[in-house]
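File shown here: input_28.txt, holding compact mmCIF, C-alpha atoms.
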```txt
# COMPACT_ATOMS: atom_id res chain seq x y z
CA MET A 1 15.91 -26.80 -80.80
CA SER A 2 12.35 -27.78 -79.85
CA GLU A 3 10.15 -25.81 -77.46
CA PRO A 4 11.34 -26.17 -73.84
CA THR A 5 9.50 -28.65 -71.67
CA ALA A 6 7.55 -27.55 -68.60
CA ILE A 7 10.38 -28.59 -66.27
CA VAL A 8 12.93 -26.61 -68.31
CA ARG A 9 10.70 -23.53 -68.06
CA ILE A 10 10.36 -24.02 -64.31
CA PHE A 11 14.11 -24.14 -63.80
CA ASP A 12 14.71 -21.25 -66.17
CA GLU A 13 12.29 -19.15 -64.14
CA ALA A 14 13.90 -20.35 -60.89
CA SER A 15 17.46 -19.78 -62.08
CA GLU A 16 17.96 -16.49 -60.23
CA SER A 17 16.86 -17.89 -56.85
CA TYR A 18 18.13 -21.47 -57.33
CA ASP A 19 20.70 -22.24 -54.60
CA ASN A 20 20.51 -18.56 -53.70
CA VAL A 21 18.06 -18.22 -50.79
CA GLY A 22 20.35 -18.93 -47.84
CA VAL A 23 19.68 -22.67 -47.47
CA ASP A 24 22.52 -25.20 -47.41
CA PHE A 25 21.18 -27.81 -49.84
CA ILE A 26 22.52 -27.87 -53.39
CA ARG A 27 26.19 -27.29 -52.59
CA PRO A 28 26.53 -30.11 -50.02
CA ILE A 29 24.94 -32.49 -52.53
CA ALA A 30 27.29 -31.21 -55.23
CA ALA A 31 30.26 -31.71 -52.91
CA GLU A 32 29.37 -35.41 -52.53
CA LEU A 33 29.27 -35.76 -56.32
CA VAL A 34 32.57 -33.93 -56.79
CA ARG A 35 34.17 -36.18 -54.19
CA ALA A 36 32.90 -39.30 -55.97
CA VAL A 37 34.06 -38.37 -59.48
CA ASP A 38 37.55 -37.42 -58.18
CA ALA A 39 38.47 -35.29 -61.21
CA ARG A 40 42.20 -35.11 -61.93
CA PRO A 41 44.47 -32.51 -63.49
CA GLY A 42 44.29 -32.48 -67.28
CA GLU A 43 40.99 -34.36 -67.58
CA ARG A 44 38.10 -33.44 -69.86
CA VAL A 45 34.72 -33.52 -68.11
CA LEU A 46 31.11 -33.00 -69.21
CA ASP A 47 28.69 -31.65 -66.58
CA ALA A 48 25.25 -32.57 -67.92
CA GLY A 49 22.59 -30.27 -66.51
CA CYS A 50 25.09 -27.89 -64.94
CA GLY A 51 22.54 -25.64 -63.22
CA THR A 52 24.30 -22.82 -61.40
CA GLY A 53 27.74 -24.44 -61.50
CA ALA A 54 27.81 -26.11 -58.08
CA VAL A 55 29.52 -29.18 -59.58
CA LEU A 56 31.08 -27.52 -62.62
CA VAL A 57 33.25 -25.00 -60.76
CA PRO A 58 34.96 -27.34 -58.25
CA VAL A 59 35.50 -29.93 -60.99
CA ALA A 60 37.07 -27.23 -63.18
CA GLU A 61 39.37 -26.27 -60.33
CA ALA A 62 40.35 -29.93 -59.96
CA VAL A 63 41.21 -30.46 -63.65
CA GLY A 64 43.18 -27.22 -63.72
CA SER A 65 44.28 -25.15 -66.66
CA GLY A 66 45.46 -28.25 -68.52
CA GLY A 67 41.99 -29.81 -68.49
CA HIS A 68 38.57 -28.69 -69.63
CA VAL A 69 35.02 -28.83 -68.29
CA THR A 70 31.99 -28.40 -70.55
CA GLY A 71 28.71 -27.53 -68.85
CA ILE A 72 25.37 -27.93 -70.61
CA ASP A 73 21.85 -27.01 -69.55
CA LEU A 74 18.59 -26.44 -71.41
CA ALA A 75 17.56 -23.51 -69.20
CA PRO A 76 19.10 -20.27 -70.50
CA GLY A 77 19.01 -18.75 -67.02
CA MET A 78 21.04 -21.65 -65.63
CA VAL A 79 23.57 -21.32 -68.46
CA ALA A 80 23.98 -17.65 -67.52
CA ARG A 81 24.41 -18.48 -63.82
CA SER A 82 27.05 -21.15 -64.57
CA ARG A 83 28.95 -18.84 -66.88
CA ALA A 84 29.00 -16.18 -64.18
CA ALA A 85 30.13 -18.69 -61.55
CA ALA A 86 32.99 -19.82 -63.82
CA THR A 87 34.28 -16.31 -64.49
CA GLY A 88 38.07 -16.40 -64.64
CA LEU A 89 38.26 -20.15 -65.29
CA GLY A 90 39.55 -20.42 -68.85
CA GLN A 91 39.18 -24.21 -68.79
CA VAL A 92 35.37 -23.94 -68.70
CA SER A 93 32.80 -23.60 -71.46
CA VAL A 94 29.07 -23.52 -70.79
CA GLU A 95 26.58 -24.16 -73.57
CA LEU A 96 22.86 -24.55 -74.11
CA GLY A 97 22.53 -28.31 -74.48
CA ASP A 98 20.37 -31.34 -73.72
CA ALA A 99 21.40 -33.64 -70.85
CA GLN A 100 19.23 -36.38 -72.37
CA LEU A 101 21.40 -36.69 -75.48
CA PRO A 102 24.55 -34.54 -75.39
CA ASP A 103 25.82 -33.84 -78.90
CA TYR A 104 29.54 -34.62 -78.74
CA PRO A 105 31.77 -37.17 -80.48
CA ASP A 106 32.27 -40.62 -78.99
CA GLY A 107 35.04 -40.84 -76.41
CA SER A 108 35.24 -37.08 -75.85
CA PHE A 109 35.43 -37.11 -72.05
CA ASP A 110 37.29 -38.70 -69.16
CA ALA A 111 34.27 -38.20 -66.92
CA VAL A 112 30.61 -37.17 -67.04
CA THR A 113 28.87 -35.65 -64.04
CA SER A 114 25.16 -34.95 -63.58
CA GLY A 115 23.80 -33.51 -60.35
CA LEU A 116 20.11 -34.00 -59.52
CA VAL A 117 19.18 -34.13 -63.20
CA LEU A 118 18.57 -37.65 -64.48
CA PHE A 119 15.19 -38.15 -62.81
CA PHE A 120 13.86 -35.14 -64.73
CA LEU A 121 14.84 -36.59 -68.11
CA PRO A 122 12.30 -38.33 -70.36
CA ASP A 123 14.42 -41.51 -70.64
CA PRO A 124 17.04 -41.86 -67.88
CA PRO A 125 18.38 -45.30 -68.98
CA ALA A 126 18.94 -43.95 -72.51
CA ALA A 127 20.86 -41.02 -71.00
CA LEU A 128 23.14 -43.46 -69.16
CA THR A 129 23.85 -45.16 -72.49
CA ALA A 130 24.50 -41.82 -74.18
CA TYR A 131 26.99 -40.86 -71.47
CA ARG A 132 28.75 -44.21 -71.84
CA ARG A 133 29.29 -43.47 -75.54
CA LEU A 134 30.85 -40.10 -74.70
CA LEU A 135 33.37 -41.60 -72.28
CA LYS A 136 36.87 -42.78 -73.02
CA PRO A 137 37.62 -46.48 -72.39
CA SER A 138 38.81 -45.69 -68.86
CA GLY A 139 36.11 -43.10 -68.19
CA ARG A 140 33.64 -42.77 -65.36
CA LEU A 141 30.17 -41.39 -64.75
CA ALA A 142 29.02 -39.81 -61.49
CA PHE A 143 25.47 -38.66 -60.86
CA SER A 144 23.28 -37.85 -57.87
CA CYS A 145 19.61 -38.41 -57.11
CA PHE A 146 17.34 -38.51 -54.09
CA ALA A 147 17.08 -41.55 -51.85
CA GLN A 148 14.47 -40.22 -49.42
CA HIS A 149 12.99 -36.80 -48.85
CA ASP A 150 12.41 -35.58 -45.32
CA PRO A 151 8.78 -36.50 -44.51
CA ARG A 152 8.02 -32.81 -43.98
CA TYR A 153 8.79 -31.99 -47.61
CA PRO A 154 5.85 -33.93 -49.11
CA GLN A 155 3.74 -32.68 -46.19
CA ALA A 156 4.63 -29.11 -47.13
CA LEU A 157 3.76 -29.74 -50.78
CA LYS A 158 0.40 -31.20 -49.74
CA LEU A 159 -0.31 -28.17 -47.54
CA LEU A 160 0.56 -25.76 -50.35
CA GLY A 161 -1.61 -27.73 -52.74
CA ARG A 162 -4.67 -26.56 -50.79
CA PHE A 163 -3.94 -23.00 -51.91
CA ALA A 164 -2.88 -23.73 -55.50
CA ASP A 165 -4.93 -23.56 -58.67
CA ASP A 166 -4.80 -27.02 -60.27
CA PRO A 167 -1.91 -28.33 -58.11
CA PRO A 168 0.47 -30.66 -59.96
CA ALA A 169 0.40 -34.37 -59.24
CA PRO A 170 3.42 -35.88 -57.50
CA PRO A 171 6.02 -36.85 -60.11
CA LYS A 172 6.37 -40.47 -61.13
CA LEU A 173 10.04 -41.40 -61.29
CA HIS A 174 11.53 -44.07 -63.51
CA PRO A 175 11.84 -47.40 -61.66
CA MET A 176 15.65 -47.23 -61.88
CA PHE A 177 15.49 -44.72 -58.99
CA ASP A 178 13.61 -47.11 -56.68
CA SER A 179 16.69 -48.34 -54.79
CA ALA A 180 20.46 -48.53 -54.74
CA GLU A 181 20.19 -51.97 -56.33
CA SER A 182 18.03 -50.75 -59.22
CA LEU A 183 20.46 -47.88 -59.83
CA ARG A 184 23.40 -50.29 -59.98
CA ALA A 185 21.50 -52.54 -62.35
CA ALA A 186 20.63 -49.62 -64.66
CA VAL A 187 24.25 -48.46 -64.84
CA LEU A 188 25.53 -51.96 -65.58
CA ALA A 189 22.80 -52.48 -68.21
CA ALA A 190 24.00 -49.30 -69.94
CA GLY A 191 27.39 -50.89 -70.54
CA TYR A 192 29.52 -49.79 -67.60
CA ALA A 193 31.97 -52.31 -66.16
CA SER A 194 31.16 -51.49 -62.53
CA ALA A 195 28.78 -49.41 -60.46
CA GLU A 196 28.74 -48.32 -56.85
CA VAL A 197 26.20 -46.31 -54.90
CA ARG A 198 26.95 -44.13 -51.88
CA GLU A 199 24.38 -42.49 -49.62
CA ALA A 200 24.63 -39.27 -47.64
CA ALA A 201 22.34 -37.21 -45.41
CA ILE A 202 21.96 -33.49 -46.16
CA ALA A 203 20.65 -31.23 -43.38
CA SER A 204 18.84 -28.00 -44.28
CA GLU A 205 17.55 -25.36 -41.86
CA PHE A 206 14.93 -22.66 -42.46
CA ASN A 207 14.54 -19.43 -40.52
CA ASP A 208 10.75 -19.59 -40.58
CA ALA A 209 7.81 -20.66 -42.74
CA ALA A 210 8.32 -17.76 -45.16
CA HIS A 211 11.93 -18.87 -45.70
CA LEU A 212 10.76 -22.43 -46.35
CA TYR A 213 8.20 -21.14 -48.86
CA GLU A 214 10.90 -19.11 -50.63
CA TRP A 215 13.19 -22.17 -50.80
CA MET A 216 10.42 -24.37 -52.19
CA GLY A 217 9.93 -21.85 -54.99
CA SER A 218 13.64 -21.83 -55.83
CA HIS A 219 13.83 -25.34 -57.33
CA GLY A 220 11.47 -28.03 -58.62
CA GLY A 221 8.92 -27.12 -55.94
CA ARG A 222 8.25 -24.01 -57.99
CA GLN A 223 5.83 -26.16 -59.98
CA MET A 224 3.55 -25.95 -56.93
CA VAL A 225 4.42 -22.44 -55.71
CA ASP A 226 3.79 -20.87 -59.12
CA ARG A 227 0.19 -22.08 -58.98
CA ILE A 228 -0.58 -20.26 -55.73
CA PRO A 229 -2.17 -16.87 -56.49
CA VAL A 230 -0.55 -13.86 -54.82
CA ALA A 231 -3.71 -13.27 -52.77
CA ARG A 232 -3.36 -16.72 -51.13
CA ARG A 233 0.38 -16.72 -50.43
CA SER A 234 0.16 -15.28 -46.93
CA ALA A 235 -2.40 -17.93 -46.01
CA ALA A 236 -0.21 -20.65 -47.52
CA ILE A 237 2.79 -19.50 -45.48
CA ALA A 238 0.63 -19.33 -42.36
CA ALA A 239 -0.46 -22.93 -42.95
CA LEU A 240 3.19 -24.01 -43.18
CA ALA A 241 3.88 -22.16 -39.93
CA THR A 242 1.00 -23.70 -37.98
CA GLU A 243 0.62 -27.19 -39.45
CA LEU A 244 4.13 -28.38 -40.32
CA PRO A 245 5.94 -30.15 -37.46
CA ARG A 246 8.80 -28.20 -35.89
CA PRO A 247 11.67 -27.58 -36.00
CA LEU A 248 11.86 -26.43 -39.59
CA GLU A 249 14.87 -28.58 -40.36
CA PHE A 250 14.87 -31.14 -43.18
CA THR A 251 17.18 -34.13 -43.51
CA THR A 252 17.31 -35.35 -47.11
CA ARG A 253 19.00 -38.60 -48.02
CA ILE A 254 20.71 -38.67 -51.40
CA ARG A 255 22.46 -41.26 -53.51
CA VAL A 256 25.63 -40.70 -55.52
CA VAL A 257 26.25 -43.27 -58.24
CA LEU A 258 29.68 -43.93 -59.72
CA GLY A 259 29.93 -45.98 -62.91
CA ARG A 260 33.27 -47.00 -64.40
CA CYS A 261 33.87 -48.10 -67.97
```
How does the structure come out when it is put into structure tokens?
Amino acid sequence: MSEPTAIVRIFDEASESYDNVGVDFIRPIAAELVRAVDARPGERVLDAGCGTGAVLVPVAEAVGSGGHVTGIDLAPGMVARSRAAATGLGQVSVELGDAQLPDYPDGSFDAVTSGLVLFFLPDPPAALTAYRRLLKPSGRLAFSCFAQHDPRYPQALKLLGRFADDPPAPPKLHPMFDSAESLRAAVLAAGYASAEVREAAIASEFNDAAHLYEWMGSHGGRQMVDRIPVARRSAAIAALATELPRPLEFTTRIRVVLGRC
């Protein structure tokens, strides 16, 4: 396997704190995805980019002992977290694997899930095509992505950037994530017979600015937080406390896409 990309390293480093800092964020998003895919007893499912198992575990419970769920992730720390979360579920296997191009035979799965992963991949449309190949003729794909961040999230990143050494530029997403319509078009272009997009609002509350800072370092925002020297962290948290509009509650809009073969 090639050297891990920067984003894989970030999530590997964040694996211990990811979805583990007392903020209701990842699991409500995962619940929307699990609801959309509607896994059934006996099915075989691939969870591409399984993270800490927020989608993998409830899907495994849905397919039961007669089914099987395979989780893959390129971050070793995430693989370890998912394996721990799935303890006692014999119908689960978790492997180090690439969500861009999963290495399994054609028609291996009844469903593929991917939670908050595709926009990190180097070629999201190609991943959609790869997932289509892995699905049985009656299979389905369900994935989630962001529709709109709370305005305070980019504000917070901008504030933290003042304290960071060489702050990262805002990510440029593939155009397929521009709208619900572009997502539908991308899924249909990848060979699926139908595509639907649902939206949901996810509310997250933070105890104080230090809690918000901790949360931002527990996921992709770690790309910014890691560049803030220890000596400047107190000042960065103070800036969040004094300059970010209150209350410290974010509402994030997400999209869940369901493609059927």
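In this comparison, which uses all atoms listed in the file, the residue of A:Leu134, A:Val257, A:Val55, A:Leu118 approaching Ile29 in chain A most closely is A:Val55.
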Applying 6 Å and all atoms listed in the file, which residues near range 195-208 of chain A remain after dropping the ones on its own chain fewer than 5 positions away? List them as a PyMOL selection string. chain A and resi 24+184+248-259
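Between Leu173 in chain A and the residues A:Gly88, A:Tyr131, A:Ala241, A:Phe120, the shortest atom-to-atom distance, using only C-alpha atoms, involves A:Phe120.
Minimum distance to Gly221 in chain A across A:Val8, A:Ala193, A:Ala236, A:Ala156 (counting all atoms listed in the file) occurs at A:Ala156.
Considering the residues A:Leu212, A:Val69, A:Val112, A:Val230 and counting only C-alpha atoms, Leu141 in chain A has its shortest atom-to-atom contact with A:Val112.
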Take every atom of range 141-151 of chain A listed in the file, pad by 3 Å on each side, and give me the axis-aligned box centre and edge lengths in Å, one decimal, as JSON.
```
{"center_x": 19.5, "center_y": -38.6, "center_z": -54.6, "size_x": 27.4, "size_y": 12.0, "size_z": 26.2}
```
Selection as number ranges by chain: residues within 10 Å of (36.3, -22.7, -68.2), counting all atoms listed in the file: A: 56-57, 60-61, 64-65, 67-71, 83, 85-94
At a cut-off of 8 Å from (28.8, -38.7, -79.1) in the coordinates of the file, what residues are picked up using all atoms listed in the file, written as a PDB file with C-alpha atoms, keeping the file's coordinate frame?
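File written: point-v1.pdb
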```pdb
ATOM      1  CA  PRO A 102      24.550 -34.540 -75.390  1.00  0.00           C
ATOM      2  CA  ASP A 103      25.820 -33.840 -78.900  1.00  0.00           C
ATOM      3  CA  TYR A 104      29.540 -34.620 -78.740  1.00  0.00           C
ATOM      4  CA  PRO A 105      31.770 -37.170 -80.480  1.00  0.00           C
ATOM      5  CA  ASP A 106      32.270 -40.620 -78.990  1.00  0.00           C
ATOM      6  CA  GLY A 107      35.040 -40.840 -76.410  1.00  0.00           C
ATOM      7  CA  SER A 108      35.240 -37.080 -75.850  1.00  0.00           C
ATOM      8  CA  ALA A 130      24.500 -41.820 -74.180  1.00  0.00           C
ATOM      9  CA  ARG A 133      29.290 -43.470 -75.540  1.00  0.00           C
ATOM     10  CA  LEU A 134      30.850 -40.100 -74.700  1.00  0.00           C
TER      11      LEU A 134
END
```
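The residue that comes closest to Thr52 in chain A, out of A:His219, A:Arg152, A:His211, A:Arg132 and on the basis of only C-alpha atoms, is A:His219.
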Missing atoms in range 72-98 of chain A need filling: write out N, CA, C and O atoms for it as an mmCIF file, in the frame of the given file.
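result-v4.cif was written with the following content:
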```cif
data_model
loop_
_atom_site.group_PDB
_atom_site.id
_atom_site.type_symbol
_atom_site.label_atom_id
_atom_site.label_comp_id
_atom_site.auth_asym_id
_atom_site.auth_seq_id
_atom_site.Cartn_x
_atom_site.Cartn_y
_atom_site.Cartn_z
ATOM 1 N N ILE A 72 26.537 -28.120 -69.736
ATOM 2 C CA ILE A 72 25.370 -27.930 -70.610
ATOM 3 C C ILE A 72 24.106 -27.880 -69.761
ATOM 4 O O ILE A 72 24.000 -28.533 -68.718
ATOM 5 N N ASP A 73 23.151 -27.093 -70.213
ATOM 6 C CA ASP A 73 21.850 -27.010 -69.550
ATOM 7 C C ASP A 73 20.858 -26.472 -70.586
ATOM 8 O O ASP A 73 21.238 -25.676 -71.451
ATOM 9 N N LEU A 74 19.615 -26.911 -70.477
ATOM 10 C CA LEU A 74 18.590 -26.440 -71.410
ATOM 11 C C LEU A 74 17.929 -25.141 -70.956
ATOM 12 O O LEU A 74 17.203 -24.522 -71.729
ATOM 13 N N ALA A 75 18.153 -24.736 -69.711
ATOM 14 C CA ALA A 75 17.560 -23.510 -69.200
ATOM 15 C C ALA A 75 18.523 -22.353 -69.410
ATOM 16 O O ALA A 75 19.600 -22.336 -68.811
ATOM 17 N N PRO A 76 18.184 -21.382 -70.245
ATOM 18 C CA PRO A 76 19.100 -20.270 -70.500
ATOM 19 C C PRO A 76 19.543 -19.548 -69.232
ATOM 20 O O PRO A 76 20.697 -19.117 -69.120
ATOM 21 N N GLY A 77 18.643 -19.412 -68.262
ATOM 22 C CA GLY A 77 19.010 -18.750 -67.020
ATOM 23 C C GLY A 77 20.073 -19.511 -66.255
ATOM 24 O O GLY A 77 20.954 -18.901 -65.619
ATOM 25 N N MET A 78 20.011 -20.840 -66.293
ATOM 26 C CA MET A 78 21.040 -21.650 -65.630
ATOM 27 C C MET A 78 22.374 -21.532 -66.365
ATOM 28 O O MET A 78 23.435 -21.478 -65.733
ATOM 29 N N VAL A 79 22.337 -21.498 -67.683
ATOM 30 C CA VAL A 79 23.570 -21.320 -68.460
ATOM 31 C C VAL A 79 24.229 -19.999 -68.050
ATOM 32 O O VAL A 79 25.450 -19.932 -67.822
ATOM 33 N N ALA A 80 23.434 -18.944 -67.915
ATOM 34 C CA ALA A 80 23.980 -17.650 -67.520
ATOM 35 C C ALA A 80 24.572 -17.701 -66.121
ATOM 36 O O ALA A 80 25.658 -17.134 -65.872
ATOM 37 N N ARG A 81 23.890 -18.380 -65.184
ATOM 38 C CA ARG A 81 24.410 -18.480 -63.820
ATOM 39 C C ARG A 81 25.728 -19.259 -63.789
ATOM 40 O O ARG A 81 26.674 -18.883 -63.078
ATOM 41 N N SER A 82 25.816 -20.362 -64.544
ATOM 42 C CA SER A 82 27.050 -21.150 -64.570
ATOM 43 C C SER A 82 28.198 -20.358 -65.185
ATOM 44 O O SER A 82 29.334 -20.416 -64.703
ATOM 45 N N ARG A 83 27.896 -19.642 -66.260
ATOM 46 C CA ARG A 83 28.950 -18.840 -66.880
ATOM 47 C C ARG A 83 29.476 -17.792 -65.898
ATOM 48 O O ARG A 83 30.688 -17.559 -65.804
ATOM 49 N N ALA A 84 28.575 -17.180 -65.158
ATOM 50 C CA ALA A 84 29.000 -16.180 -64.180
ATOM 51 C C ALA A 84 29.830 -16.817 -63.069
ATOM 52 O O ALA A 84 30.845 -16.259 -62.630
ATOM 53 N N ALA A 85 29.406 -18.003 -62.623
ATOM 54 C CA ALA A 85 30.130 -18.690 -61.550
ATOM 55 C C ALA A 85 31.537 -19.087 -61.987
ATOM 56 O O ALA A 85 32.453 -19.184 -61.161
ATOM 57 N N ALA A 86 31.704 -19.361 -63.291
ATOM 58 C CA ALA A 86 32.990 -19.820 -63.820
ATOM 59 C C ALA A 86 33.865 -18.683 -64.336
ATOM 60 O O ALA A 86 34.888 -18.937 -64.992
ATOM 61 N N THR A 87 33.485 -17.456 -64.038
ATOM 62 C CA THR A 87 34.280 -16.310 -64.490
ATOM 63 C C THR A 87 35.732 -16.456 -64.022
ATOM 64 O O THR A 87 35.988 -16.748 -62.858
ATOM 65 N N GLY A 88 36.653 -16.288 -64.956
ATOM 66 C CA GLY A 88 38.070 -16.400 -64.640
ATOM 67 C C GLY A 88 38.645 -17.790 -64.810
ATOM 68 O O GLY A 88 39.863 -17.964 -64.708
ATOM 69 N N LEU A 89 37.796 -18.777 -65.062
ATOM 70 C CA LEU A 89 38.260 -20.150 -65.290
ATOM 71 C C LEU A 89 38.277 -20.405 -66.798
ATOM 72 O O LEU A 89 37.246 -20.729 -67.395
ATOM 73 N N GLY A 90 39.435 -20.262 -67.403
ATOM 74 C CA GLY A 90 39.550 -20.420 -68.850
ATOM 75 C C GLY A 90 39.333 -21.826 -69.332
ATOM 76 O O GLY A 90 39.116 -22.058 -70.523
ATOM 77 N N GLN A 91 39.362 -22.806 -68.424
ATOM 78 C CA GLN A 91 39.180 -24.210 -68.790
ATOM 79 C C GLN A 91 37.711 -24.625 -68.784
ATOM 80 O O GLN A 91 37.400 -25.818 -68.841
ATOM 81 N N VAL A 92 36.800 -23.656 -68.755
ATOM 82 C CA VAL A 92 35.370 -23.940 -68.700
ATOM 83 C C VAL A 92 34.667 -23.357 -69.907
ATOM 84 O O VAL A 92 34.938 -22.227 -70.322
ATOM 85 N N SER A 93 33.754 -24.134 -70.490
ATOM 86 C CA SER A 93 32.800 -23.600 -71.460
ATOM 87 C C SER A 93 31.414 -24.077 -71.052
ATOM 88 O O SER A 93 31.249 -25.210 -70.602
ATOM 89 N N VAL A 94 30.448 -23.195 -71.169
ATOM 90 C CA VAL A 94 29.070 -23.520 -70.790
ATOM 91 C C VAL A 94 28.179 -23.240 -71.992
ATOM 92 O O VAL A 94 28.237 -22.158 -72.579
ATOM 93 N N GLU A 95 27.364 -24.234 -72.349
ATOM 94 C CA GLU A 95 26.580 -24.160 -73.570
ATOM 95 C C GLU A 95 25.131 -24.572 -73.295
ATOM 96 O O GLU A 95 24.852 -25.326 -72.358
ATOM 97 N N LEU A 96 24.233 -24.069 -74.139
ATOM 98 C CA LEU A 96 22.860 -24.550 -74.110
ATOM 99 C C LEU A 96 22.861 -25.944 -74.728
ATOM 100 O O LEU A 96 23.240 -26.108 -75.896
ATOM 101 N N GLY A 97 22.481 -26.948 -73.969
ATOM 102 C CA GLY A 97 22.530 -28.310 -74.480
ATOM 103 C C GLY A 97 21.657 -29.245 -73.674
ATOM 104 O O GLY A 97 21.291 -28.963 -72.526
ATOM 105 N N ASP A 98 21.330 -30.385 -74.260
ATOM 106 C CA ASP A 98 20.370 -31.340 -73.720
ATOM 107 C C ASP A 98 21.072 -32.452 -72.956
ATOM 108 O O ASP A 98 21.833 -33.233 -73.541
#
```
